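Trainee: Coordinates in final-v5.txt, compact mmCIF, C-alpha atoms, are listed below.
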```
# COMPACT_ATOMS: atom_id res chain seq x y z
CA MET A 201 0.00 0.00 0.00
CA ALA A 202 2.69 2.46 1.06
CA GLY A 203 4.85 1.46 -1.91
CA GLY A 204 1.95 2.06 -4.31
CA LEU A 205 1.29 5.51 -2.86
CA LYS A 206 4.96 6.40 -3.15
CA ALA A 207 5.11 5.22 -6.77
CA GLY A 208 1.94 7.20 -7.57
CA PHE A 209 3.39 10.30 -5.95
CA VAL A 210 6.60 9.96 -7.97
CA ARG A 211 4.62 9.56 -11.20
CA LEU A 212 2.59 12.67 -10.36
CA MET A 213 5.76 14.68 -9.73
CA GLN A 214 7.25 13.51 -13.02
CA TYR A 215 4.03 14.37 -14.83
CA LEU A 216 3.96 17.91 -13.41
CA LEU A 217 7.66 18.33 -14.22
CA ASP A 218 7.25 17.36 -17.89
CA PRO A 219 8.29 20.31 -20.14
CA GLN A 220 5.79 19.18 -22.76
CA HIS A 221 3.00 20.66 -20.61
CA VAL A 222 4.81 24.01 -20.64
CA ALA A 223 5.22 23.82 -24.41
CA ARG A 224 1.53 22.97 -24.89
CA PHE A 225 0.49 25.92 -22.73
CA GLN A 226 2.74 28.20 -24.77
CA ARG A 227 1.25 26.99 -28.05
CA LEU A 228 -2.25 27.43 -26.62
CA CYS A 229 -1.33 31.04 -25.81
CA GLY A 230 0.11 31.68 -29.28
CA VAL A 231 3.86 31.25 -28.72
CA ARG A 232 5.76 29.40 -31.46
CA GLY A 233 9.44 28.87 -32.08
CA THR A 234 11.06 29.88 -35.39
CA GLU A 235 13.76 28.39 -37.56
CA PRO A 236 16.53 30.90 -38.31
CA ARG A 237 17.03 31.29 -42.08
CA ASP A 238 20.74 30.59 -41.94
CA ARG A 239 20.01 27.12 -40.57
CA LEU A 240 17.99 26.05 -43.61
CA ARG A 241 19.87 23.72 -45.87
CA ASN A 242 18.52 22.73 -49.34
CA GLY A 243 14.92 23.42 -48.39
CA VAL A 244 14.88 21.45 -45.15
CA PRO A 245 15.66 22.57 -41.62
CA SER A 246 19.20 21.75 -40.55
CA THR A 247 19.68 19.22 -37.78
CA ARG A 248 22.42 21.40 -36.33
CA HIS A 249 21.06 23.35 -33.38
CA GLY A 250 22.44 26.29 -31.45
CA ASP A 251 22.74 26.07 -27.70
CA VAL A 252 20.46 27.82 -25.30
CA GLN A 253 21.19 27.58 -21.60
CA ASN A 254 18.61 25.56 -19.77
CA GLY A 255 19.37 26.92 -16.32
CA GLY A 256 21.71 25.74 -13.61
CA GLY A 257 24.58 25.48 -16.08
CA ASP A 258 22.91 22.90 -18.35
CA ALA A 259 22.75 23.56 -22.10
CA THR A 260 19.90 22.52 -24.34
CA ARG A 261 19.15 22.82 -28.00
CA CYS A 262 17.14 25.53 -29.73
CA ARG A 263 13.76 24.37 -30.95
CA THR A 264 13.41 23.65 -34.65
CA ALA A 265 10.01 25.05 -35.50
CA GLY A 266 10.41 25.01 -39.27
CA VAL A 267 9.39 21.34 -39.39
CA GLU A 268 6.18 22.11 -37.51
CA SER A 269 5.51 25.08 -39.76
CA ASP A 270 5.85 22.97 -42.88
CA ARG A 271 3.69 20.21 -41.42
CA GLU A 272 0.95 22.67 -40.48
CA LYS A 273 0.88 24.14 -43.98
CA GLY A 274 0.90 20.76 -45.61
CA ASN A 275 4.19 21.39 -47.42
CA ASN A 276 6.52 18.50 -48.16
CA CYS A 277 10.16 18.95 -49.00
CA VAL A 278 11.02 17.75 -52.50
CA ALA A 279 14.33 15.99 -52.63
CA ASN A 280 15.12 16.02 -56.36
CA GLY A 281 14.25 17.98 -59.50
CA ALA A 282 14.33 21.61 -60.50
CA ALA A 283 10.59 22.04 -59.93
CA GLY A 284 10.91 20.73 -56.41
CA GLU A 285 13.79 23.09 -55.69
CA ASN A 286 11.74 26.05 -56.95
CA VAL A 287 8.84 25.09 -54.71
CA ASN A 288 11.12 24.83 -51.71
CA ARG A 289 12.83 28.12 -52.49
CA GLN A 290 9.47 29.92 -52.77
CA ALA A 291 8.22 28.40 -49.53
CA ARG A 292 11.51 29.22 -47.83
CA ASP A 293 11.40 32.83 -49.00
CA LYS A 294 7.78 33.16 -47.88
CA ASP A 295 8.56 31.73 -44.45
CA GLY A 296 11.60 33.99 -44.20
CA VAL A 297 9.50 37.07 -44.88
CA GLU A 298 6.90 35.98 -42.32
CA ALA A 299 9.61 35.30 -39.73
CA GLN A 300 11.20 38.67 -40.43
CA GLU A 301 7.84 40.39 -39.93
CA SER A 302 6.69 38.65 -36.75
CA ALA A 303 9.68 36.94 -35.10
CA VAL A 304 10.89 38.56 -31.88
CA LYS A 305 13.55 37.85 -29.28
CA PRO A 306 13.41 37.97 -25.47
CA LEU A 307 13.31 41.54 -24.14
CA ARG A 308 16.44 41.13 -22.02
CA ARG A 309 19.51 39.01 -22.58
CA ASN A 310 20.78 36.44 -20.09
CA SER A 311 22.28 38.26 -17.10
CA LEU A 312 25.11 35.73 -16.70
CA THR A 313 26.08 34.68 -20.23
CA GLY A 314 24.82 37.59 -22.30
CA ASP A 315 22.89 35.14 -24.52
CA VAL A 316 20.08 36.93 -26.38
CA GLY A 317 18.06 33.72 -26.80
CA GLN A 318 16.16 32.19 -29.68
CA GLU A 319 13.61 33.89 -31.90
CA PHE A 320 9.94 33.08 -31.48
CA LYS A 321 6.59 34.12 -32.95
CA ILE A 322 3.69 35.66 -31.04
CA ASP A 323 0.22 34.91 -32.42
CA ASN A 324 -1.67 36.47 -29.48
CA THR A 325 -0.27 39.92 -28.73
CA PHE A 326 -2.69 40.57 -25.86
CA LEU A 327 -1.54 37.50 -23.91
CA TYR A 328 2.11 38.33 -24.63
CA TYR A 329 1.83 41.77 -23.03
CA LEU A 330 -0.44 40.50 -20.25
CA PHE A 331 2.02 37.82 -19.17
CA THR A 332 4.97 40.19 -19.64
CA LEU A 333 3.24 42.43 -17.12
CA GLY A 334 2.70 39.43 -14.86
CA THR A 335 6.34 38.40 -14.89
CA GLU A 336 7.46 42.01 -14.28
CA LEU A 337 5.48 41.92 -11.02
CA GLY A 338 8.32 39.76 -9.67
CA ASN A 339 11.27 41.73 -11.08
CA GLU A 340 13.50 44.46 -9.65
CA LEU A 341 11.72 47.28 -11.51
CA PHE A 342 8.46 46.44 -9.78
CA TYR A 343 10.00 46.20 -6.31
CA ILE A 344 11.90 49.45 -6.66
CA SER A 345 8.66 51.14 -7.78
CA PHE A 346 5.87 49.52 -5.75
CA PHE A 347 7.37 49.51 -2.25
CA PRO A 348 8.51 53.17 -2.30
CA PHE A 349 5.23 54.35 -3.87
CA PHE A 350 3.22 52.55 -1.21
CA MET A 351 5.56 53.87 1.47
CA TRP A 352 5.40 57.51 0.37
CA ASN A 353 1.76 57.74 -0.65
CA VAL A 354 -0.33 55.07 1.10
CA ASP A 355 0.79 53.41 4.34
CA ALA A 356 4.34 53.21 5.74
CA TYR A 357 3.23 50.70 8.40
CA VAL A 358 2.01 48.20 5.81
CA SER A 359 5.01 48.74 3.53
CA ARG A 360 7.50 48.01 6.33
CA ARG A 361 5.88 44.69 7.03
CA LEU A 362 5.50 43.83 3.37
CA VAL A 363 9.25 44.28 2.96
CA VAL A 364 9.91 41.89 5.87
CA VAL A 365 7.70 39.27 4.22
CA TRP A 366 9.33 39.85 0.83
CA VAL A 367 12.86 39.47 2.26
CA TRP A 368 12.13 36.19 4.02
CA VAL A 369 10.16 34.68 1.14
CA MET A 370 12.75 35.58 -1.49
CA TYR A 371 15.73 34.61 0.66
CA LEU A 372 14.36 31.17 1.51
CA GLY A 373 13.24 30.65 -2.08
CA GLN A 374 16.64 31.52 -3.57
CA CYS A 375 18.50 29.37 -1.04
CA THR A 376 16.17 26.44 -1.71
CA LYS A 377 16.89 26.76 -5.44
CA ASP A 378 20.62 26.48 -4.80
CA VAL A 379 20.10 23.41 -2.61
CA ILE A 380 17.76 21.49 -4.94
CA ARG A 381 19.53 22.60 -8.16
CA TRP A 382 16.90 21.56 -10.68
CA PRO A 383 17.38 22.96 -14.19
CA ARG A 384 14.90 25.07 -16.11
CA PRO A 385 12.44 23.33 -18.48
CA ALA A 386 14.24 21.87 -21.51
CA SER A 387 14.32 23.84 -24.75
CA PRO A 388 13.11 22.32 -27.05
CA PRO A 389 10.24 21.65 -26.60
CA VAL A 390 9.87 24.82 -24.49
CA VAL A 391 10.31 28.24 -26.13
CA LYS A 392 12.37 30.60 -23.97
CA VAL A 393 10.34 33.80 -24.11
CA GLU A 394 12.50 35.14 -21.29
CA MET A 395 16.28 34.76 -20.99
CA PHE A 396 17.33 37.06 -18.14
CA TYR A 397 17.01 34.50 -15.33
CA ASN A 398 17.62 31.43 -17.49
CA SER A 399 20.94 30.56 -15.81
CA GLU A 400 19.33 30.21 -12.39
CA TYR A 401 17.88 27.01 -11.04
CA SER A 402 14.18 26.36 -11.34
CA MET A 403 12.71 24.77 -8.18
CA PRO A 404 10.84 26.49 -6.58
CA SER A 405 9.61 29.47 -8.60
CA THR A 406 10.51 32.57 -6.60
CA HIS A 407 8.23 34.61 -8.88
CA ALA A 408 5.36 32.35 -7.79
CA MET A 409 6.48 32.75 -4.18
CA SER A 410 6.57 36.55 -4.25
CA GLY A 411 3.46 36.62 -6.46
CA THR A 412 1.65 34.73 -3.71
CA ALA A 413 3.18 36.32 -0.61
CA ILE A 414 3.00 39.99 -1.60
CA PRO A 415 -0.68 40.26 -2.66
CA LEU A 416 -1.90 37.92 0.09
CA SER A 417 0.09 39.78 2.77
CA LEU A 418 -1.08 43.10 1.35
CA PHE A 419 -4.67 41.93 1.69
CA LEU A 420 -4.19 40.55 5.22
CA LEU A 421 -2.37 43.70 6.41
CA THR A 422 -4.82 46.20 4.93
CA TYR A 423 -8.21 44.55 5.44
CA GLY A 424 -9.67 45.94 8.64
CA ARG A 425 -7.03 48.67 8.75
CA TRP A 426 -8.44 50.27 5.59
CA GLU A 427 -12.10 50.28 4.64
CA TYR A 428 -12.79 48.51 1.35
CA PRO A 429 -14.99 45.60 0.20
CA LEU A 430 -13.71 42.17 1.18
CA LEU A 431 -14.55 40.69 -2.22
CA LEU A 432 -12.62 43.42 -4.03
CA GLY A 433 -9.44 42.91 -2.01
CA LEU A 434 -9.61 39.14 -2.23
CA SER A 435 -10.27 39.22 -5.99
CA LEU A 436 -7.31 41.52 -6.62
CA ALA A 437 -4.99 39.34 -4.52
CA ILE A 438 -6.05 36.13 -6.31
CA SER A 439 -5.83 37.76 -9.77
CA TRP A 440 -2.33 39.08 -9.01
CA CYS A 441 -1.19 35.65 -7.84
CA VAL A 442 -2.67 33.76 -10.81
CA LEU A 443 -1.24 36.23 -13.33
CA VAL A 444 2.30 35.96 -11.95
CA CYS A 445 2.20 32.16 -11.70
CA LEU A 446 0.84 31.62 -15.22
CA SER A 447 3.30 34.14 -16.66
CA ARG A 448 6.27 32.01 -15.57
CA ILE A 449 4.91 29.01 -17.49
CA TYR A 450 4.19 31.23 -20.49
CA MET A 451 7.76 32.56 -20.41
CA GLY A 452 9.14 29.01 -20.44
CA MET A 453 10.95 29.55 -17.15
CA HIS A 454 9.16 27.02 -14.92
CA SER A 455 7.37 23.71 -14.97
CA ILE A 456 3.93 23.28 -13.42
CA LEU A 457 5.60 21.56 -10.46
CA ASP A 458 7.89 24.58 -9.87
CA ILE A 459 4.87 26.87 -9.73
CA ILE A 460 2.85 24.66 -7.37
CA ALA A 461 5.86 24.21 -5.09
CA GLY A 462 6.51 27.97 -5.02
CA PHE A 463 2.86 28.70 -4.20
CA LEU A 464 2.69 26.17 -1.36
CA TYR A 465 6.13 27.08 -0.02
CA SER A 466 5.11 30.72 0.14
CA LEU A 467 1.93 29.86 2.06
CA LEU A 468 3.99 27.83 4.55
CA ILE A 469 6.37 30.76 5.11
CA LEU A 470 3.44 33.13 5.64
CA VAL A 471 1.87 30.78 8.20
CA VAL A 472 5.14 30.66 10.15
CA PHE A 473 6.25 34.30 9.90
CA SER A 474 3.00 36.30 9.85
CA PRO A 475 2.43 35.95 13.63
CA ALA A 476 5.96 37.29 14.18
CA LEU A 477 5.56 40.46 12.07
CA ASP A 478 4.51 42.58 15.06
CA ILE A 479 7.50 41.39 17.08
CA ILE A 480 9.97 41.96 14.23
CA ASP A 481 8.63 45.40 13.36
CA THR A 482 8.58 46.57 16.99
CA PHE A 483 12.11 45.27 17.54
CA ASN A 484 13.47 46.96 14.39
CA ARG A 485 11.98 50.29 15.35
CA SER A 486 12.56 50.53 19.09
CA HIS A 487 15.22 48.14 20.41
CA PRO A 488 18.52 49.94 21.20
CA TYR A 489 20.61 47.15 19.66
CA ALA A 490 18.40 46.79 16.57
CA PRO A 491 20.84 48.45 14.10
CA LEU A 492 23.72 46.15 15.09
CA ILE A 493 21.56 43.02 14.93
CA ILE A 494 19.90 44.04 11.66
CA ILE A 495 23.25 44.55 9.92
CA SER A 496 24.93 41.44 11.31
CA LEU A 497 21.91 39.19 10.68
CA HIS A 498 21.51 40.21 7.05
CA VAL A 499 25.24 39.96 6.37
CA GLY A 500 25.35 36.52 7.99
CA LEU A 501 22.42 35.31 5.90
CA GLY A 502 24.16 36.60 2.79
CA LEU A 503 27.42 34.81 3.62
CA PHE A 504 25.52 31.57 4.19
CA SER A 505 23.65 31.80 0.88
CA PHE A 506 26.90 32.40 -1.01
CA THR A 507 28.28 29.05 0.20
CA LEU A 508 25.42 27.03 -1.33
CA ASP A 509 26.51 27.07 -4.97
CA THR A 510 28.81 28.61 -7.56
CA TRP A 511 28.21 32.18 -8.73
CA SER A 512 24.88 32.87 -10.41
CA THR A 513 22.43 35.72 -10.74
CA SER A 514 20.44 34.28 -7.83
CA ARG A 515 23.31 34.92 -5.41
CA GLY A 516 23.49 38.56 -6.45
CA ASP A 517 19.72 38.89 -6.17
CA THR A 518 19.84 37.37 -2.68
CA ALA A 519 22.44 39.91 -1.52
CA GLN A 520 20.39 42.69 -3.13
CA ILE A 521 17.22 41.61 -1.32
CA LEU A 522 19.03 41.32 2.02
CA GLY A 523 20.64 44.73 1.55
CA SER A 524 17.33 46.37 0.70
CA GLY A 525 15.65 44.76 3.69
CA ALA A 526 18.44 45.82 6.04
CA GLY A 527 18.38 49.40 4.75
CA ILE A 528 14.61 49.74 5.21
CA ALA A 529 14.78 48.16 8.69
CA LEU A 530 17.51 50.62 9.70
CA ALA A 531 15.46 53.50 8.29
CA SER A 532 12.42 52.42 10.34
CA HIS A 533 14.61 52.60 13.48
CA ILE A 534 15.76 56.13 12.60
CA ASN A 535 12.23 57.25 11.71
CA TYR A 536 10.86 55.97 15.00
CA HIS A 537 13.32 58.01 17.04
CA LEU A 538 12.85 61.13 14.87
CA GLY A 539 9.05 60.86 14.79
CA LEU A 540 9.07 60.58 10.98
CA LEU A 541 6.23 58.64 9.26
CA PRO A 542 4.38 57.92 12.53
CA ASP A 543 1.62 55.32 12.58
CA PRO A 544 -1.91 56.76 12.96
CA PRO A 545 -3.63 56.21 16.33
CA ALA A 546 -5.99 53.26 16.73
CA SER A 547 -8.94 55.64 17.05
CA MET A 548 -8.65 56.43 13.32
CA PHE A 549 -9.23 52.83 12.18
CA PRO A 550 -10.51 51.77 9.79
CA LEU A 551 -8.79 54.33 7.59
CA GLN A 552 -10.87 55.87 4.84
CA PRO A 553 -9.39 55.93 1.31
CA PRO A 554 -9.09 59.56 0.17
CA SER A 555 -11.07 60.99 -2.71
CA PHE A 556 -9.15 60.75 -5.95
CA THR A 557 -8.79 64.35 -7.06
CA LEU A 558 -6.42 65.75 -9.66
CA SER A 559 -4.42 67.51 -6.95
CA LEU A 560 -3.99 64.27 -4.96
CA ILE A 561 -2.96 62.31 -8.05
CA GLY A 562 -0.52 65.06 -9.01
CA LEU A 563 0.97 65.11 -5.49
CA CYS A 564 1.42 61.31 -5.48
CA LEU A 565 3.06 61.35 -8.89
CA LEU A 566 5.34 64.23 -7.87
CA ARG A 567 6.46 62.37 -4.75
CA PHE A 568 7.04 59.23 -6.75
CA LEU A 569 8.97 60.98 -9.54
CA LEU A 570 11.23 62.95 -7.19
CA GLY A 571 11.75 59.93 -4.92
CA VAL A 572 12.68 57.60 -7.77
CA ILE A 573 15.16 60.18 -9.12
CA ILE A 574 16.83 60.26 -5.69
CA LEU A 575 16.92 56.45 -5.51
CA LEU A 576 18.31 56.06 -9.04
CA ALA A 577 20.98 58.67 -8.30
CA THR A 578 21.81 56.86 -5.05
CA ARG A 579 22.19 53.55 -6.85
CA ALA A 580 24.34 55.02 -9.64
CA ILE A 581 26.67 56.83 -7.24
CA MET A 582 27.03 53.87 -4.89
CA LYS A 583 27.70 51.45 -7.76
CA ALA A 584 30.40 53.73 -9.16
CA LEU A 585 32.06 53.96 -5.75
CA THR A 586 31.58 50.47 -4.33
CA ILE A 587 32.83 48.13 -7.08
CA PRO A 588 36.28 49.75 -7.55
CA LEU A 589 36.70 50.12 -3.79
CA VAL A 590 35.83 46.50 -3.01
CA CYS A 591 38.01 45.21 -5.87
CA TRP A 592 40.91 47.30 -4.54
CA LEU A 593 40.44 46.04 -0.99
CA PHE A 594 40.51 42.38 -2.05
CA GLY A 595 43.07 42.72 -4.84
CA ILE A 596 40.65 41.68 -7.62
CA PRO A 597 41.03 43.28 -11.10
CA SER A 598 38.12 45.64 -11.77
CA GLY A 599 38.57 46.02 -15.55
CA ASP A 600 35.95 43.36 -16.33
CA VAL A 601 33.08 44.18 -13.95
CA ARG A 602 31.06 41.08 -14.90
CA LYS A 603 33.99 38.80 -14.09
CA ALA A 604 34.92 40.70 -10.93
CA ARG A 605 31.38 40.33 -9.59
CA GLN A 606 31.64 36.56 -9.84
CA HIS A 607 33.84 36.73 -6.72
CA MET A 608 31.88 36.55 -3.48
CA GLU A 609 34.25 39.15 -1.99
CA VAL A 610 32.97 41.65 -4.57
CA GLU A 611 29.35 40.67 -5.21
CA LEU A 612 28.17 40.40 -1.60
CA PRO A 613 29.48 43.77 -0.29
CA TYR A 614 28.67 45.50 -3.59
CA ARG A 615 25.02 44.43 -3.63
CA TYR A 616 24.60 44.75 0.12
CA ILE A 617 26.06 48.26 0.38
CA VAL A 618 24.44 49.66 -2.77
CA TYR A 619 20.92 48.37 -2.11
CA GLY A 620 21.21 48.83 1.63
CA THR A 621 21.80 52.52 0.93
CA VAL A 622 18.91 52.57 -1.55
CA GLY A 623 16.60 51.02 1.06
CA LEU A 624 17.77 53.45 3.74
CA ASN A 625 17.18 56.45 1.49
CA ALA A 626 13.80 55.14 0.34
CA HIS A 627 12.41 54.91 3.87
CA PHE A 628 14.32 57.70 5.61
CA LEU A 629 16.03 60.27 3.35
CA VAL A 630 13.23 60.69 0.81
CA PRO A 631 10.43 61.09 3.42
CA PHE A 632 12.74 63.39 5.42
CA LEU A 633 13.25 65.64 2.39
CA PHE A 634 9.54 65.53 1.57
CA ALA A 635 8.72 66.64 5.10
CA ARG A 636 11.21 69.55 4.82
CA VAL A 637 9.71 70.88 1.58
CA GLY A 638 6.07 70.27 2.54
CA LEU A 639 5.37 67.29 0.27
CA LEU A 640 4.58 64.86 3.12
```
Could you quickly redo this structure as structure tokens?
Mentor:
Amino acid sequence: MAGGLKAGFVRLMQYLLDPQHVARFQRLCGVRGTEPRDRLRNGVPSTRHGDVQNGGGDATRCRTAGVESDREKGNNCVANGAAGENVNRQARDKDGVEAQESAVKPLRRNSLTGDVGQEFKIDNTFLYYLFTLGTELGNELFYISFFPFFMWNVDAYVSRRLVVVWVWVMYLGQCTKDVIRWPRPASPPVVKVEMFYNSEYSMPSTHAMSGTAIPLSLFLLTYGRWEYPLLLGLSLAISWCVLVCLSRIYMGMHSILDIIAGFLYSLLILVVFSPALDIIDTFNRSHPYAPLIIISLHVGLGLFSFTLDTWSTSRGDTAQILGSGAGIALASHINYHLGLLPDPPASMFPLQPPSFTLSLIGLCLLRFLLGVIILLATRAIMKALTIPLVCWLFGIPSGDVRKARQHMEVELPYRYIVYGTVGLNAHFLVPFLFARVGLL
């Protein structure tokens, strides 16, 4: 009995891990691979394939979609005869024109190898942009935009706690990836619509983890504190989660099993850490030794994560997340003692959403624009200063920045210092300046 259950469980895991399911979902959504023209030989697709990284250091072959295209159109390659060659040449030229008109490449190249990825065709433009939006909800641009905007314009209390959840979920997810070390779905049959994170491991999906933890925590932290319909908040949280999870399958970055594991893992982390949010937030703000413990804890977690595997983009992302979390935690300590961004008294709950007037929208946009300019300037200045300094301290050549950052001695302090400063300025310096000029 037990052996049968175990065998059934293993078969289920293998079924959910099968990249063919990812490829079928992509085709259903209108994503098709293309055959580069220079790989066509005598009217038939060449059997020689280029390499596309499959994640975790494994290489896989590019998908040969020309065969499928010919099969769908009912065209057969003619081996001999001038007439046959003319037919093939016409079909090849026609396919080449179509590919030139509609074939696209991933928006960003691989962050580790610089690989731009394979071409692919998009038959459903709406789904392409919808799932691109979904996958961006788990990328750096979203985090550096959403958290500060919420902090400066909506509720600093909620944003502080959201950042704590985000740090723990992403840190545990990235470390788990480096322990399990499962590769990305194989290509072919999967089309790599995204390449930026393709060199990282796959299990679990950290996009699915953040796409579950952030909207669910946002709902749990705001419902009852702010007055809005329960069904509206729950619907938005579920829609956000589903969009992010499905987008990772659409992009060819994760199997169904990766997504399910990321979703469940995130729920487990929330169950464990949500009751401790009050304790963590109170400690960060008011304990006299909080700054020392915040810095040492986040540095220690970063050093541990860097021992799990060889250099990859996930290690840099982990240090970046820890640095951002440490900076915001330090800023909350400073704000508490300066009386900056105080929490409203309990008598004001539930808070009423303000009326959306042109002046309010303009004020929010002005805060956001000025704040982002300060954060981007902070990041640029700190990057320019930190990398050469760290390379000089550890005797590592700084001419090739990409190669220099593959050393833990460079990547960890670089990411930690730069994004720690960004986090500190986001939660302390920007609100401080806003308060001085009357924008807060």
Trainee: With 12 Å as the threshold, what does the neighbourhood of (10.7, 64.6, 1.0) contain in terms of residues, counting only C-alpha atoms? Coordinates are those of the file; answer as a ChimeraX atom specification.
Mentor: /A:351-353,540-541,563-564,566-574,625-640
Trainee: Tell me, in Å to one decimal, how far atom CA of A:Lys603 is from atom CA of A:Tyr616.
Mentor: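 Result for atom CA of A:Lys603 versus atom CA of A:Tyr616: 18.0 Å, one decimal.
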Trainee: Between atom CA of A:Leu337 and atom CA of A:Arg232, what is the spacing in Å?
Mentor: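 Separation between atom CA of A:Arg232 and atom CA of A:Leu337: 24.0 Å.
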Trainee: Using all atoms listed in the file, find the one residue out of A:Leu216, A:Leu497, A:Met451, A:Ile480 that sits nearest to A:Val391.
Mentor: A:Met451
Trainee: Extract, using only C-alpha atoms, all DNA, RNA and protein residues at most 8 Å from A:Leu416, discarding same-chain residues fewer than 4 positions from it, and format them as an MDAnalysis selection string.
Mentor: chainID A and resid 412 420 437:438
Trainee: Mind giving me the straight-line distance from atom CA of A:Pro542 to atom CA of A:Ser496 in Å, one decimal?
Mentor: 26.4 Å
Trainee: Looking at all atoms listed in the file, which of A:Val390, A:Pro385, A:Phe463, A:Leu575 is the one that sits closest to A:Ser524?
Mentor: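 Closest to A:Ser524, using all atoms listed in the file: A:Leu575.
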Trainee: Using only C-alpha atoms for the distances, tell me which of A:Lys377, A:Ser474, A:Ile479, A:Leu530 is nearest to A:Ile495.
Mentor: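 The closest residue to A:Ile495 is A:Leu530.
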Trainee: Once you count only C-alpha atoms, which residues end up no further than 10 Å from (24.2, 39.4, 7.2) in the file's frame, shown as a list in words?
Mentor: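 Selection result: Ile493, Ile494, Ile495, Ser496, Leu497, His498, Val499, Gly500, Leu501, Gly502, Leu503, Phe504, Ser505, Ala519, Leu522, Gly523, Ala526, Leu612 and Tyr616 of chain A.
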Trainee: Residues near stretch 217-228 of chain A, anyone? I mean within 10 Å using all atoms listed in the file, not counting same-chain ones fewer than 4 positions away, as a ChimeraX atom specification.
Mentor: /A:211-213,232-233,322-324,384-393,446,448-458
Trainee: Counting only C-alpha atoms, which residue out of A:Pro383, A:Gly433, A:Gly334, A:Gly230 sits closest to A:Asn398?
Mentor: A:Pro383
Trainee: Between A:Lys583, A:Trp382, A:Met409, A:Thr234, which residue has the minimum interatomic distance to A:Arg615, considering only C-alpha atoms?
Mentor: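 So, comparing all the options, the nearest one is A:Lys583.
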Trainee: Atoms are missing here; could stretch 475-486 of chain A be completed with N, CA and C atoms and written as an mmCIF file, in the frame of the given file?
Mentor:
```
data_model
loop_
_atom_site.group_PDB
_atom_site.id
_atom_site.type_symbol
_atom_site.label_atom_id
_atom_site.label_comp_id
_atom_site.auth_asym_id
_atom_site.auth_seq_id
_atom_site.Cartn_x
_atom_site.Cartn_y
_atom_site.Cartn_z
ATOM 1 N N PRO A 475 2.633 35.610 12.211
ATOM 2 C CA PRO A 475 2.430 35.950 13.630
ATOM 3 C C PRO A 475 3.602 36.717 14.250
ATOM 4 N N ALA A 476 4.781 36.626 13.614
ATOM 5 C CA ALA A 476 5.960 37.290 14.180
ATOM 6 C C ALA A 476 6.181 38.689 13.615
ATOM 7 N N LEU A 477 5.337 39.159 12.697
ATOM 8 C CA LEU A 477 5.560 40.460 12.070
ATOM 9 C C LEU A 477 5.525 41.592 13.086
ATOM 10 N N ASP A 478 4.585 41.540 14.024
ATOM 11 C CA ASP A 478 4.510 42.580 15.060
ATOM 12 C C ASP A 478 5.793 42.627 15.884
ATOM 13 N N ILE A 479 6.280 41.460 16.267
ATOM 14 C CA ILE A 479 7.500 41.390 17.080
ATOM 15 C C ILE A 479 8.691 41.925 16.317
ATOM 16 N N ILE A 480 8.828 41.518 15.046
ATOM 17 C CA ILE A 480 9.970 41.960 14.230
ATOM 18 C C ILE A 480 9.923 43.454 13.996
ATOM 19 N N ASP A 481 8.745 43.973 13.648
ATOM 20 C CA ASP A 481 8.630 45.400 13.360
ATOM 21 C C ASP A 481 8.888 46.245 14.604
ATOM 22 N N THR A 482 8.357 45.835 15.734
ATOM 23 C CA THR A 482 8.580 46.570 16.990
ATOM 24 C C THR A 482 10.058 46.542 17.382
ATOM 25 N N PHE A 483 10.689 45.379 17.216
ATOM 26 C CA PHE A 483 12.110 45.270 17.540
ATOM 27 C C PHE A 483 12.944 46.187 16.643
ATOM 28 N N ASN A 484 12.693 46.139 15.321
ATOM 29 C CA ASN A 484 13.470 46.960 14.390
ATOM 30 C C ASN A 484 13.354 48.448 14.701
ATOM 31 N N ARG A 485 12.210 48.871 15.144
ATOM 32 C CA ARG A 485 11.980 50.290 15.350
ATOM 33 C C ARG A 485 12.487 50.788 16.702
ATOM 34 N N SER A 486 12.377 49.977 17.740
ATOM 35 C CA SER A 486 12.560 50.530 19.090
ATOM 36 C C SER A 486 13.705 49.936 19.907
#
```
